[in-house]
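Okay, so here's the structure we're looking at.
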Amino acid sequence: MKRLLKIILFFAGLVLVWEAFYLAHFWSPVLLPSPLSVGRYLWSAACDGTLASATLVTLRRLLIGYVVGLVVGLPLGLLTARFNVLNDTLGLLALGLQTLPSVCWVPLALLWFGQSEAAMFFVVVMGTLWSVIIATDNGVRNVPPIFARAARTMGSRGLHTWIKVMLPAALPFIVSGMKQGWAFAWRSLMAAEIYVTILSGFGLGSLLDNGRQLNAMDQVVGIMLVLLFIGLVADKILFSPWERFLRRRWGTAR
Amino acid sequence: MTLQAELQNEAPSKLSVQHVSKRFRSGGRAVHALDDVSLEVAEGEFVCLVGPSGCGKSTLLNIIAGLEHADEGQVIADGAPVKEPGRDRMMMFQESALFPWLDVLDNVLFGLKLKPNLSAAERREVAGFYLKLVGLEKFQHGFIHELSGGMKQRVALARALAPNPRVLLMDEPFGALDALTREQLYGDMQRIWQQRKKTIIFVTHNVREAACLGDRVVLFSPHPGRIREQFKIDLPRPRDINSVELARHSTIITAALKNHARGEGESAE
């Protein structure tokens, strides 16, 4: 309860400082809207449904691409860890492409797929896939060999060893890879949505860019707050349970 | 298989190591880990393999387990040559090798779940039986990182015993523990071995430990790994690691160990 109070006080303080700057008129109100006008924008956008529909469009793109990236990346990472041939080929490719800032996929996606959902999907998958492959591969390589030996003496073989031993043993690495993949996917999707308007759905990125075009700073700041909030909630919902699990099982040392 | 039959002890194995040789490369150097090693182990015998590091005793254990293959020679377990790991030969390692993502009970259940013809309830019963045997039934829902080194090795012992093997292969299982914990485990080990007669092959470089636990102590020398001498220990059980009688035995074995090491050094010069 005390903790919650501190959190509320801190953010209330931030808003107050913001309001104070606004009232001091250092900058034109066009460049620095008051917290109140941002709140008014968010309220009206929430009431007329633009906010909900944009959030839905963005999250749908993000989740579909992310899940596909995970589902493809995990087994590929296991395969590159298992077979040297794949590690020297696909593993190297993944390592190279992972260093590429995922935003750089946007121009290519637009030329290939045009202004379509497919382009968005492609960008998100590219953001997710490579880091998941690298993290899974890395995680499996860091599993102490003694785990697999112990499992073998107990009668575990082949696929059973991979699913019941290697995969869970590599979990700390895989979770951090999933987190990195999520961050990359989220950033590149925003870049893509700001970059180009896609008629099949207006995401939060297009609302943000829309605000810029209209010189509506309250909209720009409002959408940024929404993005920040989504990022925070996603972290809590998607990754906190995994991290709690890891802390509980592996101990605090990891 | 019924639960009753499962909890009944399997007859211990008779092992025969026949002219086993093994070489491998380590750090760009050829290592002659084992050279023509032969060893007969009777049903229910507790044999300790002792020697300096690099004498191939762990390699021999891995070959008996089926985790590694001999270049020459073979290991016969109850008349059949060992080709791969099997539930009849369970292994315990120096690091407990317990799985941190599972709790204590699930670790013990890991091997049992791979055993056919047991219901989930029966498996739990069996796992509970062995956790009780090692004195950790209260910790069944604990996590591995919460356990002390000695407790980890007890869980590892329960996990190795649970599939009801005929042979227990132990690779310096107490090597990383403090002296006091080790002494407790010597007592437990003797009690459990008397209750669940298994053929045990126990690798250690601690001579006193070997004399305390084994019916027989087999002395290895390195480069290449060979069996040098064998000592029968016919002291009554349970044995106390600090007893004078035991010290007498371990003094003789230690002297022999030093003697072989010296001989080794001279021949190298």
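To be explicit about the labels: the chains of the structure tokens are called A, B, and onward in the order shown, and within each one the residues are counted from 1, while ligands get numbers from 1 in the order they are shown.
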
Residues near Val68 of chain A, anyone? I mean within 12 Å using only C-alpha atoms, not counting same-chain ones fewer than 2 positions away, as JSON, numbers by chain.
{"A": [61, 62, 63, 64, 65, 66, 70, 71, 72, 73, 74, 75, 121, 122, 123, 124, 125, 126, 127, 128, 129, 132, 181, 182, 185]}

Within 12 Å of segment 238-242 of chain B, counting only C-alpha atoms, which residues qualify if same-chain residues fewer than 4 places away don't, as JSON, numbers by chain?
{"B": [179, 180, 182, 183, 184, 185, 186, 187, 188, 189, 190, 191, 192, 193, 194, 206, 207, 208, 209, 210, 211, 212, 213, 214, 215, 233, 234, 246, 247, 248, 249, 250]}

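Within 8 Å of chain A, chain B contributes the residues Ala65, Leu67, Pro85, Gly86, Arg87, Arg89, Met90, Met91, Met92, Ala97, Leu98, Phe99, Pro100, Trp101, Leu102, Asp103, Phe110, Gly111, Leu114, Phe143, Ile144, His145, Glu146, Ala160 and Pro163 of chain B, using only C-alpha atoms.
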
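Contact shell of Gly211 of chain A at 12 Å (only C-alpha atoms; same-chain neighbours under 2 positions omitted): Val30, Val38, Tyr41, Ile194, Leu204, Gly205, Ser206, Leu207, Leu208, Asp209, Gln213, Leu214, Asn215, Ala216, Met217, Asp218, Gln219, Val220, Val221, Gly222, Ile223 and Met224 of chain A.
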
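One finds atom CA of Leu131 of chain B at 8.3 Å from atom CA of Arg154 of chain B.
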
Excluding Glu243 of chain A and any residue of its chain fewer than 4 positions from it, enumerate the residues within 12 Å of it, using only C-alpha atoms, and give them as a count of residues only.
20

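Atom CA of Asp71 of chain B to atom CA of Arg23 of chain B spans 7.1 Å [interatomic distance, one decimal].
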
DSSP alpha helix (DSSP H) selection over segment 74-255 of chain B, as a ChimeraX atom specification:
/B:104-113,120-133,149-161,179-195,207-213,244-255

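Counting only C-alpha atoms and comparing A:Ala119, A:Val103, A:Leu23, A:Leu95, the residue that lies closest to Phe184 of chain A is A:Val103.
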
Residue contacts of segment 9-17 of chain B (7 Å, only C-alpha atoms) excluding same-chain residues fewer than 3 positions away, as JSON, numbers by chain
{"B": [20, 38, 39, 40, 41, 42, 43, 44, 74, 75, 76, 77, 78, 164, 165, 166, 167, 196, 197, 198, 199]}

Selection: 12 Å around Gln94 of chain B, only C-alpha atoms, excl. self and same-chain fewer than 6 positions, as an NGL selection string
(:A and (146 or 150)) or (:B and (58 or 149-150 or 152-154 or 156-157 or 169-177 or 202-204))

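Distance annotation: of B:Ala158, B:Leu34, B:Val126, B:Leu112, the residue with the minimal separation from Thr59 of chain B is B:Leu34; atom set is only C-alpha atoms.
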
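The gap separating atom CA of Leu61 of chain B from atom CA of Ser96 of chain B is 16.2 Å, in Å to one decimal.
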